[in-house]
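Raw contents of final23.cif, mmCIF, C-alpha atoms (C1' of nucleotides):
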data_coords
loop_
_atom_site.label_atom_id
_atom_site.label_comp_id
_atom_site.auth_asym_id
_atom_site.auth_seq_id
_atom_site.Cartn_x
_atom_site.Cartn_y
_atom_site.Cartn_z
CA MET A 19 -71.08 -31.77 65.52
CA VAL A 20 -70.89 -28.31 64.05
CA LEU A 21 -67.95 -28.08 61.73
CA GLU A 22 -66.64 -24.70 60.78
CA LEU A 23 -66.62 -24.04 57.09
CA THR A 24 -64.19 -21.62 55.56
CA GLU A 25 -65.42 -18.90 53.29
CA LYS A 26 -64.12 -20.76 50.30
CA GLN A 27 -65.83 -23.96 51.27
CA GLU A 28 -69.10 -22.15 51.50
CA ALA A 29 -68.57 -20.48 48.15
CA ILE A 30 -67.90 -23.88 46.65
CA LEU A 31 -71.00 -25.42 48.20
CA ASP A 32 -73.15 -22.46 47.19
CA ALA A 33 -71.96 -22.67 43.62
CA THR A 34 -72.53 -26.39 43.52
CA LEU A 35 -76.02 -26.05 44.89
CA GLU A 36 -77.05 -23.54 42.34
CA LEU A 37 -75.49 -25.21 39.34
CA ILE A 38 -76.65 -28.69 40.18
CA GLY A 39 -80.09 -27.43 41.03
CA GLU A 40 -80.59 -26.25 37.51
CA ARG A 41 -78.37 -28.45 35.38
CA GLY A 42 -78.08 -31.69 37.32
CA PHE A 43 -75.01 -33.62 38.32
CA HIS A 44 -74.09 -34.24 34.69
CA GLY A 45 -74.46 -30.76 33.52
CA THR A 46 -72.10 -29.30 36.06
CA PRO A 47 -68.43 -29.96 35.59
CA MET A 48 -66.06 -29.22 38.40
CA SER A 49 -64.60 -26.47 36.28
CA ALA A 50 -67.94 -24.68 36.23
CA ILE A 51 -68.26 -24.99 39.97
CA ALA A 52 -64.77 -23.60 40.41
CA GLU A 53 -65.50 -20.69 38.16
CA LYS A 54 -68.79 -19.80 39.80
CA ALA A 55 -67.24 -20.09 43.24
CA GLY A 56 -64.35 -17.91 42.16
CA VAL A 57 -61.67 -20.44 43.02
CA GLY A 58 -59.28 -22.56 41.06
CA ALA A 59 -60.32 -26.02 40.02
CA GLY A 60 -57.60 -27.56 42.12
CA THR A 61 -58.71 -25.72 45.23
CA ILE A 62 -61.89 -27.71 45.44
CA TYR A 63 -59.80 -30.80 45.94
CA ARG A 64 -58.12 -29.23 48.90
CA TYR A 65 -61.48 -29.49 50.68
CA TYR A 66 -63.24 -32.40 49.06
CA GLU A 67 -61.63 -35.58 47.92
CA SER A 68 -63.85 -36.03 44.94
CA LYS A 69 -66.91 -34.70 43.23
CA GLU A 70 -68.98 -37.34 44.93
CA GLU A 71 -67.82 -36.33 48.35
CA LEU A 72 -68.59 -32.74 47.51
CA ILE A 73 -72.14 -33.64 46.59
CA ASN A 74 -72.59 -35.59 49.77
CA ALA A 75 -71.28 -32.75 51.89
CA LEU A 76 -73.66 -30.42 50.14
CA TYR A 77 -76.53 -32.80 50.71
CA VAL A 78 -75.89 -32.87 54.42
CA ARG A 79 -75.53 -29.11 54.66
CA GLU A 80 -78.77 -28.47 52.80
CA LYS A 81 -80.72 -31.07 54.64
CA GLN A 82 -79.66 -29.54 57.93
CA ALA A 83 -80.51 -26.04 56.78
CA ILE A 84 -83.97 -27.10 55.72
CA ASN A 85 -84.49 -28.94 58.96
CA ALA A 86 -83.68 -25.84 60.92
CA GLN A 87 -86.20 -23.84 58.92
CA VAL A 88 -88.93 -26.40 59.33
CA LEU A 89 -88.45 -26.61 63.08
CA LYS A 90 -88.35 -22.84 63.51
CA GLY A 91 -90.65 -21.75 66.27
CA TYR A 92 -91.24 -25.22 67.61
CA THR A 93 -91.37 -25.73 71.34
CA GLU A 94 -92.58 -28.64 73.38
CA GLU A 95 -95.33 -26.46 74.77
CA LEU A 96 -97.18 -26.57 71.48
CA SER A 97 -99.95 -29.10 71.15
CA VAL A 98 -99.00 -31.74 68.66
CA ARG A 99 -101.63 -30.52 66.29
CA ASP A 100 -100.25 -27.03 66.38
CA ALA A 101 -96.72 -28.33 66.07
CA VAL A 102 -97.56 -30.29 62.99
CA GLY A 103 -99.34 -27.29 61.54
CA LEU A 104 -96.36 -25.09 62.24
CA MET A 105 -93.91 -27.44 60.64
CA PHE A 106 -96.17 -28.03 57.70
CA ARG A 107 -96.43 -24.33 57.00
CA ASN A 108 -92.74 -23.84 57.58
CA ALA A 109 -91.96 -26.59 55.15
CA ILE A 110 -94.23 -25.19 52.50
CA SER A 111 -92.79 -21.73 52.69
CA ALA A 112 -89.24 -22.99 52.84
CA ARG A 113 -89.88 -24.87 49.68
CA ALA A 114 -91.29 -21.81 48.04
CA CYS A 115 -88.43 -19.47 48.76
CA GLU A 116 -85.58 -21.93 48.84
CA SER A 117 -86.48 -23.73 45.70
CA ALA A 118 -82.91 -24.26 44.57
CA ARG A 119 -82.27 -26.23 47.72
CA PHE A 120 -85.26 -28.41 47.21
CA ARG A 121 -84.61 -28.99 43.58
CA PHE A 122 -81.22 -30.23 44.61
CA LEU A 123 -82.47 -32.37 47.47
CA ASP A 124 -85.30 -33.91 45.48
CA GLN A 125 -82.95 -34.76 42.72
CA TYR A 126 -80.67 -36.65 45.04
CA TYR A 127 -83.20 -38.23 47.30
CA ASN A 128 -83.06 -41.45 45.38
CA SER A 129 -79.85 -41.26 43.58
CA PRO A 130 -76.86 -43.52 43.49
CA PHE A 131 -74.60 -40.66 44.57
CA ILE A 132 -75.92 -40.53 48.06
CA GLY A 133 -73.62 -42.73 50.07
CA ASP A 134 -74.55 -44.86 53.06
CA GLU A 135 -73.00 -42.46 55.53
CA THR A 136 -75.13 -39.69 54.13
CA ARG A 137 -78.22 -41.87 54.33
CA ARG A 138 -77.60 -42.42 58.01
CA ILE A 139 -77.36 -38.72 58.61
CA ARG A 140 -80.61 -38.19 56.83
CA GLU A 141 -82.35 -40.70 59.04
CA GLN A 142 -80.95 -39.07 62.10
CA LEU A 143 -82.35 -35.75 60.95
CA MET A 144 -85.80 -37.30 60.64
CA SER A 145 -85.80 -38.23 64.29
CA ASP A 146 -87.04 -34.81 65.38
CA TYR A 147 -90.23 -35.33 63.46
CA VAL A 148 -90.64 -38.85 64.72
CA ASP A 149 -90.42 -37.57 68.27
CA VAL A 150 -93.24 -35.12 67.81
CA ILE A 151 -95.48 -37.73 66.30
CA GLU A 152 -94.75 -40.24 69.00
CA ARG A 153 -95.60 -37.67 71.57
CA GLY A 154 -98.89 -37.15 69.79
CA ILE A 155 -99.71 -40.81 69.86
CA CYS A 156 -98.73 -41.16 73.52
CA ASP A 157 -100.94 -38.48 74.86
CA GLY A 158 -103.88 -39.24 72.67
CA GLU A 159 -103.86 -36.38 70.20
CA ILE A 160 -103.12 -38.73 67.36
CA ARG A 161 -104.98 -41.96 66.80
CA ASP A 162 -103.16 -45.13 67.63
CA LEU A 163 -101.96 -45.98 64.14
CA PRO A 164 -98.65 -47.48 63.08
CA LEU A 165 -96.00 -44.80 62.94
CA PRO A 166 -95.34 -45.26 59.21
CA VAL A 167 -98.99 -44.62 58.45
CA VAL A 168 -99.03 -41.41 60.43
CA MET A 169 -95.79 -40.27 58.85
CA ALA A 170 -97.16 -41.07 55.41
CA MET A 171 -100.34 -39.09 56.07
CA ILE A 172 -98.35 -35.99 56.98
CA PHE A 173 -95.28 -36.04 54.77
CA GLY A 174 -96.97 -37.57 51.77
CA PRO A 175 -99.45 -34.78 51.14
CA LEU A 176 -96.82 -32.21 52.02
CA ALA A 177 -94.40 -33.50 49.42
CA GLN A 178 -97.14 -33.89 46.88
CA LEU A 179 -98.53 -30.40 47.30
CA SER A 180 -95.12 -28.81 47.27
CA SER A 181 -94.07 -30.48 44.12
CA ALA A 182 -97.37 -29.68 42.44
CA SER A 183 -96.90 -26.03 43.28
CA GLN A 184 -93.39 -26.19 41.91
CA LEU A 185 -94.81 -27.39 38.62
CA LYS A 186 -97.27 -24.47 38.73
CA ASP A 187 -100.22 -26.82 38.94
CA VAL A 188 -101.50 -25.20 42.13
CA THR A 189 -101.09 -22.08 44.15
CA LEU A 190 -100.66 -22.81 47.79
CA ASP A 191 -102.62 -20.03 49.40
CA ASP A 192 -103.54 -20.05 53.07
CA GLU A 193 -106.97 -21.43 52.45
CA LEU A 194 -105.65 -24.41 50.53
CA ILE A 195 -103.09 -25.13 53.18
CA ASP A 196 -105.73 -24.97 55.88
CA GLN A 197 -107.88 -27.37 53.94
CA ALA A 198 -104.99 -29.76 53.55
CA LEU A 199 -104.10 -29.58 57.23
CA ASP A 200 -107.70 -30.12 58.15
CA ALA A 201 -107.85 -33.17 55.90
CA ILE A 202 -104.68 -34.52 57.42
CA TRP A 203 -106.02 -34.07 60.88
CA ARG A 204 -109.25 -35.85 60.06
CA SER A 205 -107.16 -38.81 59.02
CA ILE A 206 -104.87 -39.07 62.01
CA GLY A 207 -106.43 -37.02 64.78
CA CYS A 208 -108.71 -38.28 67.53
CA GLU A 209 -112.15 -36.94 66.74
CA MET B 14 -100.92 -43.96 19.34
CA VAL B 15 -99.54 -47.43 19.91
CA LEU B 16 -96.22 -47.68 18.22
CA GLU B 17 -94.86 -51.07 17.39
CA LEU B 18 -91.46 -51.74 18.84
CA THR B 19 -89.10 -54.15 17.17
CA GLU B 20 -87.53 -56.92 19.16
CA LYS B 21 -84.26 -55.06 19.18
CA GLN B 22 -85.79 -51.88 20.43
CA GLU B 23 -87.32 -53.76 23.31
CA ALA B 24 -84.04 -55.44 24.12
CA ILE B 25 -82.39 -52.06 24.21
CA LEU B 26 -85.04 -50.57 26.47
CA ASP B 27 -84.99 -53.58 28.77
CA ALA B 28 -81.24 -53.38 29.12
CA THR B 29 -81.38 -49.67 29.77
CA LEU B 30 -84.04 -50.06 32.42
CA GLU B 31 -82.10 -52.62 34.33
CA LEU B 32 -78.72 -50.94 34.12
CA ILE B 33 -79.93 -47.47 34.90
CA GLY B 34 -82.15 -48.77 37.67
CA GLU B 35 -79.14 -49.98 39.55
CA ARG B 36 -76.26 -47.80 38.42
CA GLY B 37 -77.86 -44.52 37.42
CA PHE B 38 -77.47 -42.51 34.26
CA HIS B 39 -73.79 -41.96 34.92
CA GLY B 40 -72.95 -45.48 35.69
CA THR B 41 -74.28 -46.85 32.45
CA PRO B 42 -72.38 -46.10 29.28
CA MET B 43 -74.06 -46.75 25.98
CA SER B 44 -71.55 -49.50 25.42
CA ALA B 45 -72.83 -51.36 28.46
CA ILE B 46 -76.40 -51.01 27.26
CA ALA B 47 -75.42 -52.31 23.85
CA GLU B 48 -73.65 -55.26 25.32
CA LYS B 49 -76.46 -56.21 27.66
CA ALA B 50 -78.99 -55.85 24.86
CA GLY B 51 -76.87 -58.00 22.58
CA VAL B 52 -76.58 -55.40 19.84
CA GLY B 53 -73.82 -53.28 18.44
CA ALA B 54 -73.20 -49.89 19.93
CA GLY B 55 -74.13 -48.17 16.71
CA THR B 56 -77.41 -50.00 16.46
CA ILE B 57 -78.89 -48.07 19.33
CA TYR B 58 -78.49 -44.92 17.30
CA ARG B 59 -80.53 -46.39 14.51
CA TYR B 60 -83.51 -46.21 16.88
CA TYR B 61 -82.71 -43.38 19.24
CA GLU B 62 -80.97 -40.19 18.31
CA SER B 63 -79.13 -39.84 21.58
CA LYS B 64 -78.81 -41.24 25.03
CA GLU B 65 -81.21 -38.63 26.27
CA GLU B 66 -83.86 -39.60 23.77
CA LEU B 67 -83.41 -43.21 24.76
CA ILE B 68 -84.05 -42.35 28.40
CA ASN B 69 -87.15 -40.43 27.49
CA ALA B 70 -88.53 -43.24 25.39
CA LEU B 71 -87.90 -45.62 28.24
CA TYR B 72 -89.58 -43.28 30.67
CA VAL B 73 -92.72 -43.19 28.59
CA ARG B 74 -92.79 -46.94 28.11
CA GLU B 75 -92.41 -47.65 31.81
CA LYS B 76 -94.90 -45.04 32.88
CA GLN B 77 -97.46 -46.56 30.55
CA ALA B 78 -96.78 -50.06 31.77
CA ILE B 79 -97.21 -49.02 35.37
CA ASN B 80 -100.38 -47.15 34.54
CA ALA B 81 -101.88 -50.24 33.00
CA GLN B 82 -101.08 -52.24 36.10
CA VAL B 83 -102.55 -49.69 38.43
CA LEU B 84 -105.78 -49.48 36.46
CA LYS B 85 -106.14 -53.24 36.20
CA GLY B 86 -109.62 -54.31 37.18
CA TYR B 87 -111.08 -50.84 37.18
CA THR B 88 -114.54 -50.32 35.79
CA GLU B 89 -116.88 -47.40 36.05
CA GLU B 90 -119.28 -49.57 38.01
CA LEU B 91 -117.03 -49.46 41.03
CA SER B 92 -117.84 -46.93 43.69
CA VAL B 93 -115.17 -44.29 43.83
CA ARG B 94 -114.09 -45.50 47.21
CA ASP B 95 -113.61 -49.02 45.91
CA ALA B 96 -111.90 -47.73 42.81
CA VAL B 97 -109.41 -45.76 44.82
CA GLY B 98 -108.83 -48.77 47.05
CA LEU B 99 -108.26 -50.99 44.04
CA MET B 100 -105.79 -48.65 42.45
CA PHE B 101 -104.03 -48.05 45.72
CA ARG B 102 -103.50 -51.74 46.25
CA ASN B 103 -102.53 -52.27 42.64
CA ALA B 104 -99.98 -49.52 42.92
CA ILE B 105 -98.48 -50.92 46.08
CA SER B 106 -98.09 -54.39 44.67
CA ALA B 107 -96.77 -53.11 41.38
CA ARG B 108 -94.14 -51.25 43.26
CA ALA B 109 -93.23 -54.34 45.19
CA CYS B 110 -92.74 -56.65 42.24
CA GLU B 111 -91.62 -54.18 39.63
CA SER B 112 -89.11 -52.42 41.71
CA ALA B 113 -86.64 -51.91 38.90
CA ARG B 114 -89.24 -49.91 37.04
CA PHE B 115 -89.95 -47.73 40.01
CA ARG B 116 -86.36 -47.19 40.87
CA PHE B 117 -85.95 -45.91 37.37
CA LEU B 118 -89.07 -43.77 37.36
CA ASP B 119 -88.39 -42.24 40.76
CA GLN B 120 -84.92 -41.41 39.74
CA TYR B 121 -86.12 -39.45 36.76
CA TYR B 122 -89.27 -37.89 38.13
CA ASN B 123 -87.65 -34.51 38.52
CA SER B 124 -84.55 -34.75 36.52
CA PRO B 125 -83.21 -32.55 33.79
CA PHE B 126 -83.16 -35.47 31.39
CA ILE B 127 -86.88 -35.66 31.18
CA GLY B 128 -87.82 -33.33 28.37
CA ASP B 129 -90.92 -31.21 28.02
CA GLU B 130 -92.53 -33.55 25.54
CA THR B 131 -92.13 -36.40 27.98
CA ARG B 132 -93.56 -34.28 30.77
CA ARG B 133 -96.65 -33.65 28.70
CA ILE B 134 -97.14 -37.33 28.13
CA ARG B 135 -96.84 -37.96 31.83
CA GLU B 136 -99.53 -35.44 32.58
CA GLN B 137 -101.79 -36.98 30.03
CA LEU B 138 -101.31 -40.31 31.72
CA MET B 139 -102.45 -38.81 35.00
CA SER B 140 -105.78 -37.84 33.55
CA ASP B 141 -107.29 -41.25 34.22
CA TYR B 142 -106.83 -40.74 37.91
CA VAL B 143 -108.13 -37.21 37.79
CA ASP B 144 -111.30 -38.47 36.15
CA VAL B 145 -112.03 -40.92 38.92
CA ILE B 146 -111.53 -38.30 41.58
CA GLU B 147 -113.70 -35.79 39.80
CA ARG B 148 -116.42 -38.35 39.54
CA GLY B 149 -116.12 -38.88 43.27
CA ILE B 150 -116.51 -35.21 43.97
CA CYS B 151 -119.42 -34.86 41.58
CA ASP B 152 -121.57 -37.53 43.07
CA GLY B 153 -120.77 -36.76 46.64
CA GLU B 154 -118.54 -39.62 47.65
CA ILE B 155 -115.62 -37.27 48.12
CA ARG B 156 -115.83 -34.03 50.06
CA ASP B 157 -115.85 -30.88 48.03
CA LEU B 158 -112.16 -30.04 48.34
CA PRO B 159 -109.85 -28.57 45.75
CA LEU B 160 -108.66 -31.25 43.38
CA PRO B 161 -104.99 -30.82 44.29
CA VAL B 162 -105.75 -31.44 47.94
CA VAL B 163 -107.61 -34.63 47.18
CA MET B 164 -104.85 -35.80 44.88
CA ALA B 165 -102.27 -35.01 47.51
CA MET B 166 -104.16 -36.97 50.15
CA ILE B 167 -104.21 -40.06 47.98
CA PHE B 168 -100.95 -40.04 46.08
CA GLY B 169 -98.88 -38.52 48.83
CA PRO B 170 -99.33 -41.30 51.37
CA LEU B 171 -99.08 -43.87 48.61
CA ALA B 172 -95.73 -42.63 47.46
CA GLN B 173 -94.50 -42.22 50.98
CA LEU B 174 -95.48 -45.69 52.11
CA SER B 175 -94.08 -47.31 49.00
CA SER B 176 -90.76 -45.65 49.32
CA ALA B 177 -90.58 -46.43 53.01
CA SER B 178 -91.16 -50.08 52.27
CA GLN B 179 -88.48 -49.95 49.62
CA LEU B 180 -86.05 -48.74 52.24
CA LYS B 181 -87.17 -51.62 54.46
CA ASP B 182 -88.57 -49.24 57.03
CA VAL B 183 -91.99 -50.86 56.93
CA THR B 184 -93.69 -54.01 55.77
CA LEU B 185 -96.83 -53.27 53.88
CA ASP B 186 -99.10 -56.05 55.03
CA ASP B 187 -102.83 -56.00 54.38
CA GLU B 188 -103.66 -54.61 57.76
CA LEU B 189 -101.36 -51.65 57.32
CA ILE B 190 -102.74 -50.93 53.89
CA ASP B 191 -106.27 -51.08 55.22
CA GLN B 192 -105.37 -48.67 57.97
CA ALA B 193 -103.82 -46.30 55.47
CA LEU B 194 -106.83 -46.46 53.16
CA ASP B 195 -109.12 -45.90 56.09
CA ALA B 196 -107.11 -42.86 57.11
CA ILE B 197 -107.19 -41.53 53.59
CA TRP B 198 -110.91 -41.94 53.43
CA ARG B 199 -111.44 -40.16 56.70
CA SER B 200 -109.64 -37.22 55.22
CA ILE B 201 -111.43 -36.96 51.90
CA GLY B 202 -114.63 -38.96 52.24
CA CYS B 203 -118.03 -37.58 53.14
CA GLU B 204 -118.93 -38.58 56.71
"C1'" DT C 14 -82.78 -74.41 -8.32
"C1'" DT C 15 -78.76 -71.53 -8.35
"C1'" DC C 16 -76.54 -67.49 -8.46
"C1'" DG C 17 -75.84 -62.52 -8.77
"C1'" DT C 18 -77.38 -58.10 -7.30
"C1'" DC C 19 -79.16 -54.88 -4.25
"C1'" DG C 20 -80.97 -52.34 -0.16
"C1'" DG C 21 -80.84 -51.40 4.23
"C1'" DA C 22 -79.96 -53.20 8.88
"C1'" DA C 23 -76.23 -53.99 11.97
"C1'" DT C 24 -71.63 -53.61 13.54
"C1'" DG C 25 -67.78 -51.96 16.38
"C1'" DA C 26 -63.34 -49.73 15.87
"C1'" DA C 27 -62.04 -44.99 15.55
"C1'" DT C 28 -62.87 -40.18 16.69
"C1'" DG C 29 -63.10 -36.16 19.21
"C1'" DT C 30 -64.78 -34.26 23.22
"C1'" DT C 31 -65.60 -33.67 27.84
"C1'" DC C 32 -64.30 -33.94 32.35
"C1'" DA C 33 -62.36 -35.30 37.03
"C1'" DT C 34 -58.17 -35.10 38.92
"C1'" DT C 35 -53.22 -33.91 39.34
"C1'" DC C 36 -49.24 -31.15 39.56
"C1'" DC C 37 -46.17 -27.47 39.29
"C1'" DG C 38 -45.05 -23.01 40.15
"C1'" DC C 39 -46.61 -18.51 42.08
"C1'" DT C 40 -47.91 -15.59 46.04
"C1'" DC C 41 -48.58 -14.34 50.38
"C1'" DT C 42 -47.56 -14.81 55.28
"C1'" DT C 43 -44.55 -15.22 59.03
"C1'" DA D 27 -36.38 -17.95 53.28
"C1'" DA D 28 -39.71 -21.59 54.38
"C1'" DG D 29 -44.05 -23.10 53.94
"C1'" DA D 30 -48.89 -23.07 53.38
"C1'" DG D 31 -52.57 -22.12 50.25
"C1'" DC D 32 -54.02 -21.41 45.54
"C1'" DG D 33 -54.68 -21.26 40.67
"C1'" DG D 34 -55.28 -23.13 36.41
"C1'" DA D 35 -52.93 -25.47 32.61
"C1'" DA D 36 -51.95 -30.28 31.65
"C1'" DT D 37 -53.16 -35.09 31.74
"C1'" DG D 38 -55.38 -39.16 30.74
"C1'" DA D 39 -59.41 -41.88 31.07
"C1'" DA D 40 -64.10 -42.42 29.95
"C1'" DC D 41 -67.69 -41.86 26.83
"C1'" DA D 42 -71.18 -40.55 23.27
"C1'" DT D 43 -71.43 -40.67 18.67
"C1'" DT D 44 -69.99 -41.63 13.80
"C1'" DC D 45 -69.19 -44.10 9.65
"C1'" DA D 46 -66.80 -47.30 6.57
"C1'" DT D 47 -67.63 -51.90 6.24
"C1'" DT D 48 -70.02 -56.37 6.69
"C1'" DC D 49 -73.96 -59.14 6.72
"C1'" DC D 50 -78.32 -60.94 5.34
"C1'" DG D 51 -82.54 -61.79 3.15
"C1'" DA D 52 -85.32 -60.79 -0.91
"C1'" DC D 53 -85.87 -61.03 -5.64
"C1'" DG D 54 -85.29 -61.90 -10.45
"C1'" DA D 55 -82.82 -63.95 -14.29
"C1'" DA D 56 -81.11 -68.02 -16.34
#

Can I see the file as structure tokens?
Amino acid sequence: MVLELTEKQEAILDATLELIGERGFHGTPMSAIAEKAGVGAGTIYRYYESKEELINALYVREKQAINAQVLKGYTEELSVRDAVGLMFRNAISARACESARFRFLDQYYNSPFIGDETRRIREQLMSDYVDVIERGICDGEIRDLPLPVVMAMIFGPLAQLSSASQLKDVTLDDELIDQALDAIWRSIGCE
Amino acid sequence: MVLELTEKQEAILDATLELIGERGFHGTPMSAIAEKAGVGAGTIYRYYESKEELINALYVREKQAINAQVLKGYTEELSVRDAVGLMFRNAISARACESARFRFLDQYYNSPFIGDETRRIREQLMSDYVDVIERGICDGEIRDLPLPVVMAMIFGPLAQLSSASQLKDVTLDDELIDQALDAIWRSIGCE
DNA sequence: TTCGTCGGAATGAATGTTCATTCCGCTCTT
DNA sequence: AAGAGCGGAATGAACATTCATTCCGACGAA
């Protein structure tokens, strides 16, 4: 389901992303979005029924974009351990250079503006990761733990480290990332 | 610095917690807070200069309350492994029964409404946990990893599991928690 | 004990502002 | 000229905040 976006739609979404990333939903009136996007206020409503729908559309677009970046370079040939490592590194660097996106996504992860439809899409986007992990469990690279535990041991530290580095509490150099990946693998890997 | 709160102040904070927990900052006008708290709209402003200050005060109160629950039963006699286990379990059960608090805290963790002052207080509240971990590293119970990595390996999975259980994706029974703690310890423990 | 006075806590209607949304007319395109 | 696509001023509702007024308990005088 790849929907074509017009140039204006993209400008609107881009403007929304940036403004909301730094000022929050409150702090960004539609008029500001219109101005930044270089369109009239009314034009936004030609594409999105309401502010809420706009936010949801943006959420989906960003989530997909991030997903693509995280999966970049993945093939089924990779061992699961390498695949996880790849995605982990991808995720970290995406977060570093696309921080506006993440600030937006984090802010809306548990927010009342995310509608049910959007929640479903998010779950669907997680399925790629679930597949990799299940493959790992099947062919014995990952210990036979409940899926939620394995997920938690990978995504938890990832989220935590990323947000710490956002707050300037840490610098995520290669050595640190290797140490983290090694720790993760001790917890879920066989041997 | 324990500041005494009047009965009215507590009523206001309680009302705010509950309303914002379920409807978000937007969805809760000051008038609704006043009504639920059983006070006049103007009264709130006798205690809090603005809606934003009210949110920040609430944030600090809730963060402290949660902290107390998580640390419940902790003494320096405990081995670090047991201490971490205790706090992990405490945190999980706090999240289960105090879900309104967590919904509120999660919602504001990275939000523009949380001011710098409040952020400082939050960091200060983290120091208890940092102390335990540093003790663990010092006397060899925890591998000599960078502090942020160790923190990430404990808090990351915790947060991830809790929020998954909130979304009904998992049930956190004792066995699952034990498995998670075991996995965490494999990653950061010596041996 | 009763009553008058006072201070400050509490109230909630009124205010002024801020927005999301609408609507009308303009401008291209065909 | 018809019609689609836009812009941006206009609208009206929703709110945060204010402030003139009321309420209440304490205290002292008679």

Legend entry - Protein/DNA/RNA residues near (-69.0, -47.2, 16.2), cut 8 Å, all atoms listed in the file, as a PyMOL selection string: (chain B and resi 54-55) or (chain C and resi 24-27) or (chain D and resi 43-45)

Legend entry - Output of the PyMOL selection byres ((chain A) within 9 of (chain B)), listed as an NGL selection string: :A and (40-42 or 44-45 or 121 or 124-131 or 163-164 or 166-179 or 182 or 187-188 or 194-195 or 197-198 or 200-206)

Legend entry - Residues matched by the PyMOL selection byres ((chain D) within 8 of (chain A)) as a ChimeraX atom specification: /D:32-34

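All of the residues in chain C within 12 Å of chain A are DT31, DC32, DA33, DT34, DT35, DC36 and DC37 of chain C, where only C-alpha atoms (C1' of nucleotides) were counted.
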
Legend entry - Shell of 12 Å around D:DA52, all atoms listed in the file, local chain residues under 3 positions omitted, as number ranges by chain: C: 18-21
